[in-house]
Structures are given as C-alpha cells and as structure tokens.
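Visitor: Questions regarding the structure given below will be posed in turn.
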Amino acid sequence: MDFPIVDMVGKAAAIICDENDFKGVRRAATDLAEDISRVCGVKPRQADRVSVSPSIIVGTLGKSRLIDDLVEKGSLDVSDLRGKWESFCITTLEGDTPRLVIAGSDRRGTIFGIYELSEQLGVSPWYWMADAPVKKRVSAYVAAGSYASGEPKVKYRGIFINDEWPSFGTWCGNQFGGINHKAYEKIFELLLRLKANYFWPAMWASAFNEDDPLSPQTADDYGIVMGTSHHEPMMRAHKEYTRRRDEVGPWDYSVNARRLDRFFREGLSRNRGYDIS
C-alpha cells in the first residue's frame, strides 16, 4: 500500500525522530517538515515517539531506539546498512498502522535519506541558494516497497572556497554580517542536500576556527567533515599563522621545527572532538 505523506484531504503524516539521535539528523527531520509544507502547504507534526498514524520514522541504526526496535521485532531489514558508510534505506511497512521508515547506517546516511525524500517531493537542493522553484502539489505518496542507496563511490565529496573576496566575502557580509557560522549553515545544508560531506572553508583572509568559534561546532552539528586547504595543514589557517608570526617564528622547519610542531599540535587538539580529515 502506498504511503501518504500528505493524503487527498490534506492530512500530513507525523515525522518521528528519537530525541537521542544525532543533532544533525534531528535538524534534517525539521527541514523535512518544512519541505513538506513548501510542497503541500501543510506542516507535519514532529515527535520523538510513535503515537499517531500515519508516521514517517527517521533514525540512525544503533543510535535511534525507534529504528533498533523495528529491527529487533523483525519489521525492518537493515542488511543494506550494517557496516556501511553513509548508506540509507527508505521503506514502507505493512500493517494496520501506515509507516514510512528512513534509516541510515550513520548520521550522514540518515540525513541523506531525509533529503532524498525532500528532493523526490519536489524541493531542489538549490531551493534557497539559487531560488530553485518548489513543485507544488495537493497530496504526496510514496510507492510501497523499499529502496536502498548503497555506499557512495567516493568517500569524501565536497567543495573548497578559495579566494573569497570580493564575491563570497561580500555576499556573506551583506546576508549574514560576515563570514560566520550563519553563512556556513546555508552552505552545509546545500552540501548535505547534494549528498556531499566535506568542506574546505574560506582561507584567503579568513580563519574558520577563530573568526567565529561557532563555525566548527556548527559544522559538526550538521555532520560536515572539515578539512583545510593545500597550504594549511592540520586544521590551522594560514591567517592564524600570520596573526602569530612573532610568537611562532619562521615558516621554515629547517630552523623552527619545535615551535611549528607546537602550533600544529594546538590546532589538532582544538579540533579533536570534531569530524576532521
């Protein structure tokens, strides 16, 4: 039986997400509610337990009690997820209670599954960044069955913001008051909707970790893997070095290895709790 995201009388299915799931998953579940509202004009109820029918259950294997309970009961086959990288399945479950399950092998797998449903509904990943129009409809259904994404062919997929001035920096200043976590939130959402996972931040005149201390935390909350550019090893921006040139000393290992090592170790220690590569 096809699953009603929004049925013919305008009733939306509830979105259920375990409160203990990853923050990025819970945030994407809220995006899904907004996307359904954009398409059908009705916003689903959100909850952390199944108490209404029909329900869209989203969660990460091993992190969501909702998903793990379905697996333990034999209701959900997760053989396509176990031990996999950034994989998801979207499955309709038969029974008296209509349920659609979006389950991920890890946090990005779940997030990608959520955004896959959004895109199939008619919300382009570029709906905000490029004003891509949303396809409106009165109702929306998911065909009965199961879809498994499989693992990405390339492990890390993303973009690099290089010479950020004048274009990117001016845009950030006009829209968000600077190159800060508010600007990066929009980029992180776009990346995830495109099923990307990796980002090198602005580096010409910027220091991602220091200009706005909320930026690295925001990246981790969204589930984005952060790296640094070609001449910025171990999570230290070149701008961080120029700001400390007198303290750190020459950018030359042949004469200044001890202080440079300390500079790099500090960068790694600062970001040790985040997903970096």
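Ligands are numbered from 1 in the order shown, residues from 1 within each chain, and chains are lettered A, B, ... in the order they appear in the structure tokens.
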Which neighbours of region 44-58 of chain A fall inside 6 Å, counting only C-alpha atoms, when residues of the same chain fewer than 5 positions from it are skipped, and could you give them as a ChimeraX atom specification?

Guide: /A:12-19,33,97-103

Visitor: Go ahead and write the residues just picked, N, CA, C and O atoms, as a PDB file, in the first residue's frame.

Guide:
ATOM      1  N   ALA A  12      -1.252  15.555   6.907  1.00  0.00           N
ATOM      2  CA  ALA A  12       0.160  15.190   6.777  1.00  0.00           C
ATOM      3  C   ALA A  12       0.532  14.113   7.786  1.00  0.00           C
ATOM      4  O   ALA A  12       0.074  14.132   8.939  1.00  0.00           O
ATOM      5  N   ALA A  13       1.379  13.192   7.352  1.00  0.00           N
ATOM      6  CA  ALA A  13       1.928  12.200   8.274  1.00  0.00           C
ATOM      7  C   ALA A  13       2.854  12.886   9.275  1.00  0.00           C
ATOM      8  O   ALA A  13       3.525  13.870   8.943  1.00  0.00           O
ATOM      9  N   ALA A  14       2.886  12.374  10.478  1.00  0.00           N
ATOM     10  CA  ALA A  14       3.795  12.905  11.503  1.00  0.00           C
ATOM     11  C   ALA A  14       5.220  12.452  11.204  1.00  0.00           C
ATOM     12  O   ALA A  14       5.445  11.409  10.596  1.00  0.00           O
ATOM     13  N   ILE A  15       6.182  13.257  11.627  1.00  0.00           N
ATOM     14  CA  ILE A  15       7.604  12.902  11.499  1.00  0.00           C
ATOM     15  C   ILE A  15       8.124  12.566  12.885  1.00  0.00           C
ATOM     16  O   ILE A  15       8.065  13.382  13.804  1.00  0.00           O
ATOM     17  N   ILE A  16       8.636  11.339  13.024  1.00  0.00           N
ATOM     18  CA  ILE A  16       9.055  10.839  14.329  1.00  0.00           C
ATOM     19  C   ILE A  16      10.564  10.623  14.316  1.00  0.00           C
ATOM     20  O   ILE A  16      11.093   9.911  13.456  1.00  0.00           O
ATOM     21  N   CYS A  17      11.253  11.222  15.285  1.00  0.00           N
ATOM     22  CA  CYS A  17      12.710  11.104  15.371  1.00  0.00           C
ATOM     23  C   CYS A  17      13.111  11.004  16.838  1.00  0.00           C
ATOM     24  O   CYS A  17      12.713  11.852  17.652  1.00  0.00           O
ATOM     25  N   ASP A  18      13.872   9.993  17.171  1.00  0.00           N
ATOM     26  CA  ASP A  18      14.333   9.784  18.547  1.00  0.00           C
ATOM     27  C   ASP A  18      15.117  11.008  19.029  1.00  0.00           C
ATOM     28  O   ASP A  18      16.027  11.484  18.345  1.00  0.00           O
ATOM     29  N   GLU A  19      14.786  11.486  20.222  1.00  0.00           N
ATOM     30  CA  GLU A  19      15.463  12.657  20.767  1.00  0.00           C
ATOM     31  C   GLU A  19      16.940  12.388  21.042  1.00  0.00           C
ATOM     32  O   GLU A  19      17.730  13.318  21.201  1.00  0.00           O
ATOM     33  N   ALA A  33      10.044  18.511   7.534  1.00  0.00           N
ATOM     34  CA  ALA A  33       8.729  19.073   7.848  1.00  0.00           C
ATOM     35  C   ALA A  33       8.505  20.377   7.083  1.00  0.00           C
ATOM     36  O   ALA A  33       7.415  20.622   6.533  1.00  0.00           O
ATOM     37  N   THR A  97      -0.990   0.128  10.863  1.00  0.00           N
ATOM     38  CA  THR A  97      -0.513   1.497  11.019  1.00  0.00           C
ATOM     39  C   THR A  97       0.410   1.848   9.858  1.00  0.00           C
ATOM     40  O   THR A  97       1.490   1.264   9.740  1.00  0.00           O
ATOM     41  N   PRO A  98       0.035   2.779   8.983  1.00  0.00           N
ATOM     42  CA  PRO A  98       0.915   3.163   7.873  1.00  0.00           C
ATOM     43  C   PRO A  98       2.204   3.797   8.393  1.00  0.00           C
ATOM     44  O   PRO A  98       2.172   4.747   9.177  1.00  0.00           O
ATOM     45  N   ARG A  99       3.338   3.247   7.964  1.00  0.00           N
ATOM     46  CA  ARG A  99       4.622   3.778   8.401  1.00  0.00           C
ATOM     47  C   ARG A  99       5.593   3.821   7.223  1.00  0.00           C
ATOM     48  O   ARG A  99       5.650   2.906   6.412  1.00  0.00           O
ATOM     49  N   LEU A 100       6.338   4.907   7.171  1.00  0.00           N
ATOM     50  CA  LEU A 100       7.438   5.048   6.224  1.00  0.00           C
ATOM     51  C   LEU A 100       8.700   5.225   7.049  1.00  0.00           C
ATOM     52  O   LEU A 100       8.755   6.090   7.927  1.00  0.00           O
ATOM     53  N   VAL A 101       9.718   4.414   6.778  1.00  0.00           N
ATOM     54  CA  VAL A 101      10.941   4.447   7.578  1.00  0.00           C
ATOM     55  C   VAL A 101      12.096   4.930   6.721  1.00  0.00           C
ATOM     56  O   VAL A 101      12.319   4.427   5.612  1.00  0.00           O
ATOM     57  N   ILE A 102      12.805   5.928   7.223  1.00  0.00           N
ATOM     58  CA  ILE A 102      14.067   6.372   6.627  1.00  0.00           C
ATOM     59  C   ILE A 102      15.153   6.043   7.643  1.00  0.00           C
ATOM     60  O   ILE A 102      15.228   6.662   8.705  1.00  0.00           O
ATOM     61  N   ALA A 103      15.974   5.047   7.335  1.00  0.00           N
ATOM     62  CA  ALA A 103      17.007   4.597   8.263  1.00  0.00           C
ATOM     63  C   ALA A 103      18.377   4.752   7.630  1.00  0.00           C
ATOM     64  O   ALA A 103      18.555   4.499   6.436  1.00  0.00           O
TER      65      ALA A 103
END

Visitor: Using DSSP on the backbone, list every residue of region 36-273 of chain A that comes out as helix (DSSP H, G or I), and give them as a ChimeraX atom specification.

Guide: /A:36-40,65-72,107-121,167-176,181-193,208-211,214-222,238-243,245-248,253-270

Visitor: Pick the closest to Asp31 (chain A) from A:Ile179, A:Ile90, A:Ala148, A:Ile114: which is it, counting only C-alpha atoms?

Guide: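 So, comparing all the options, the nearest one is A:Ile114.
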
Visitor: Identify all residues of region 112-257 of chain A in strand (DSSP E or B) (DSSP on the backbone) and supply them as number ranges by chain.

Guide: A: 140-142, 146-148, 158-160, 198-200, 225-226

Visitor: Within 9 Å of region 6-8 of chain A, counting only C-alpha atoms, which residues qualify if same-chain residues fewer than 4 places away don't, as a list of chain:residue names?

Guide: A:Ala12, A:Ala13, A:Ile36, A:Cys40, A:Val42, A:Pro44, A:Val138, A:Ser139, A:Ala140, A:Tyr141

Visitor: Let's have the selection written as a PDB file, in the first residue's frame, with all heavy atoms.

Guide:
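again.pdb written:
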ATOM      1  N   ALA A  12      -1.252  15.555   6.907  1.00  0.00           N
ATOM      2  CA  ALA A  12       0.160  15.190   6.777  1.00  0.00           C
ATOM      3  C   ALA A  12       0.532  14.113   7.786  1.00  0.00           C
ATOM      4  O   ALA A  12       0.074  14.132   8.939  1.00  0.00           O
ATOM      5  CB  ALA A  12       1.040  16.411   6.992  1.00  0.00           C
ATOM      6  N   ALA A  13       1.379  13.192   7.352  1.00  0.00           N
ATOM      7  CA  ALA A  13       1.928  12.200   8.274  1.00  0.00           C
ATOM      8  C   ALA A  13       2.854  12.886   9.275  1.00  0.00           C
ATOM      9  O   ALA A  13       3.525  13.870   8.943  1.00  0.00           O
ATOM     10  CB  ALA A  13       2.687  11.130   7.498  1.00  0.00           C
ATOM     11  N   ILE A  36       7.909  19.545   3.319  1.00  0.00           N
ATOM     12  CA  ILE A  36       6.546  19.065   3.066  1.00  0.00           C
ATOM     13  C   ILE A  36       5.576  20.237   3.046  1.00  0.00           C
ATOM     14  O   ILE A  36       4.674  20.318   2.205  1.00  0.00           O
ATOM     15  CB  ILE A  36       6.140  18.010   4.112  1.00  0.00           C
ATOM     16  CG1 ILE A  36       6.988  16.747   3.915  1.00  0.00           C
ATOM     17  CG2 ILE A  36       4.659  17.680   4.022  1.00  0.00           C
ATOM     18  CD1 ILE A  36       6.836  15.717   5.026  1.00  0.00           C
ATOM     19  N   CYS A  40       3.229  20.972  -0.119  1.00  0.00           N
ATOM     20  CA  CYS A  40       1.797  20.685   0.011  1.00  0.00           C
ATOM     21  C   CYS A  40       1.020  21.709   0.842  1.00  0.00           C
ATOM     22  O   CYS A  40      -0.209  21.612   0.949  1.00  0.00           O
ATOM     23  CB  CYS A  40       1.589  19.299   0.626  1.00  0.00           C
ATOM     24  SG  CYS A  40       2.197  17.945  -0.404  1.00  0.00           S
ATOM     25  N   VAL A  42       0.964  22.117   4.061  1.00  0.00           N
ATOM     26  CA  VAL A  42       0.592  21.674   5.401  1.00  0.00           C
ATOM     27  C   VAL A  42       1.850  21.157   6.085  1.00  0.00           C
ATOM     28  O   VAL A  42       2.620  20.401   5.491  1.00  0.00           O
ATOM     29  CB  VAL A  42      -0.513  20.592   5.351  1.00  0.00           C
ATOM     30  CG1 VAL A  42      -0.098  19.413   4.486  1.00  0.00           C
ATOM     31  CG2 VAL A  42      -0.869  20.120   6.758  1.00  0.00           C
ATOM     32  N   PRO A  44       3.818  18.958   8.853  1.00  0.00           N
ATOM     33  CA  PRO A  44       3.615  17.784   9.704  1.00  0.00           C
ATOM     34  C   PRO A  44       3.930  18.072  11.171  1.00  0.00           C
ATOM     35  O   PRO A  44       4.770  18.910  11.493  1.00  0.00           O
ATOM     36  CB  PRO A  44       4.608  16.759   9.146  1.00  0.00           C
ATOM     37  CG  PRO A  44       4.961  17.247   7.782  1.00  0.00           C
ATOM     38  CD  PRO A  44       4.869  18.737   7.852  1.00  0.00           C
ATOM     39  N   VAL A 138      -1.060  18.966  -4.216  1.00  0.00           N
ATOM     40  CA  VAL A 138      -2.062  18.878  -3.159  1.00  0.00           C
ATOM     41  C   VAL A 138      -1.761  17.728  -2.214  1.00  0.00           C
ATOM     42  O   VAL A 138      -1.924  17.841  -0.995  1.00  0.00           O
ATOM     43  CB  VAL A 138      -3.472  18.714  -3.777  1.00  0.00           C
ATOM     44  CG1 VAL A 138      -4.509  18.469  -2.669  1.00  0.00           C
ATOM     45  CG2 VAL A 138      -3.837  19.937  -4.601  1.00  0.00           C
ATOM     46  N   SER A 139      -1.312  16.615  -2.768  1.00  0.00           N
ATOM     47  CA  SER A 139      -1.025  15.439  -1.957  1.00  0.00           C
ATOM     48  C   SER A 139       0.268  14.800  -2.438  1.00  0.00           C
ATOM     49  O   SER A 139       0.763  15.100  -3.534  1.00  0.00           O
ATOM     50  CB  SER A 139      -2.176  14.435  -2.028  1.00  0.00           C
ATOM     51  OG  SER A 139      -2.355  14.008  -3.374  1.00  0.00           O
ATOM     52  N   ALA A 140       0.811  13.916  -1.625  1.00  0.00           N
ATOM     53  CA  ALA A 140       2.055  13.244  -1.988  1.00  0.00           C
ATOM     54  C   ALA A 140       2.090  11.867  -1.340  1.00  0.00           C
ATOM     55  O   ALA A 140       1.788  11.722  -0.151  1.00  0.00           O
ATOM     56  CB  ALA A 140       3.256  14.073  -1.534  1.00  0.00           C
ATOM     57  N   TYR A 141       2.465  10.862  -2.139  1.00  0.00           N
ATOM     58  CA  TYR A 141       2.517   9.485  -1.663  1.00  0.00           C
ATOM     59  C   TYR A 141       3.862   8.866  -2.042  1.00  0.00           C
ATOM     60  O   TYR A 141       4.486   9.261  -3.030  1.00  0.00           O
ATOM     61  CB  TYR A 141       1.398   8.650  -2.286  1.00  0.00           C
ATOM     62  CG  TYR A 141       0.014   9.002  -1.778  1.00  0.00           C
ATOM     63  CD1 TYR A 141      -0.649  10.139  -2.231  1.00  0.00           C
ATOM     64  CD2 TYR A 141      -0.622   8.194  -0.845  1.00  0.00           C
ATOM     65  CE1 TYR A 141      -1.912  10.467  -1.765  1.00  0.00           C
ATOM     66  CE2 TYR A 141      -1.887   8.512  -0.366  1.00  0.00           C
ATOM     67  CZ  TYR A 141      -2.527   9.643  -0.830  1.00  0.00           C
ATOM     68  OH  TYR A 141      -3.771   9.959  -0.362  1.00  0.00           O
TER      69      TYR A 141
END

Visitor: What are the closest atom pairs, with distances in Å to one decimal, for all residues of region 68-175 of chain A lying within 12 Å of region 225-240 of chain A? Consider only C-alpha atoms, order rows by chain and residue number, and present the result as CSV.

Guide:
residue,atom,partner,partner_atom,distance
A:Arg107,CA,A:Val225,CA,11.9
A:Arg108,CA,A:Val225,CA,10.2
A:Lys155,CA,A:Val225,CA,11.0
A:Tyr156,CA,A:Val225,CA,8.4
A:Arg157,CA,A:Val225,CA,9.6
A:Gly158,CA,A:Val225,CA,9.1
A:Ile159,CA,A:Gly227,CA,10.2
A:Phe160,CA,A:Ser229,CA,7.7
A:Ile161,CA,A:Ser229,CA,9.0
A:Asn162,CA,A:Ser229,CA,8.3
A:Asp163,CA,A:Ser229,CA,11.5

Visitor: Given the choices A:Ser75, A:Thr110, A:Asn197, A:Asn180, which gets closest to Phe88 (chain A) if the distance is worked out from only C-alpha atoms?

Guide: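 For Phe88 (chain A), the nearest of the candidates is A:Thr110.
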
Visitor: Looking at only C-alpha atoms, which of A:Gly177, A:Gly267, A:Gly83, A:Pro166 is the one that sits closest to Asn209 (chain A)?

Guide: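 Going through A:Gly177, A:Gly267, A:Gly83, A:Pro166 one by one, the smallest distance to Asn209 (chain A) is for A:Gly267.
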
Visitor: My list of candidates is A:Asp2, A:Asp275, A:Asp212, A:Asp69. Which is closest to Lys182 (chain A) when distances are computed with only C-alpha atoms?

Guide: A:Asp212

Visitor: Name the closest residue to Arg27 (chain A) among the candidates A:Thr92, A:Gly59, A:Lys195, A:Gly41; distances are taken between atoms, counting only C-alpha atoms.

Guide: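 Closest candidate: A:Gly59.
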
Visitor: For Leu93 (chain A), which of A:Ser64, A:Ser146, A:Ser79, A:Ser118 is the closest residue, counting only C-alpha atoms?

Guide: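 Between A:Ser64, A:Ser146, A:Ser79, A:Ser118, the residue approaching Leu93 (chain A) most closely is A:Ser146.
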
Visitor: Please, what distance in Å, to one decimal, runs between CA of Asn271 (chain A) and CA of His181 (chain A)?

Guide: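 Distance between the two atoms: 15.8 Å.
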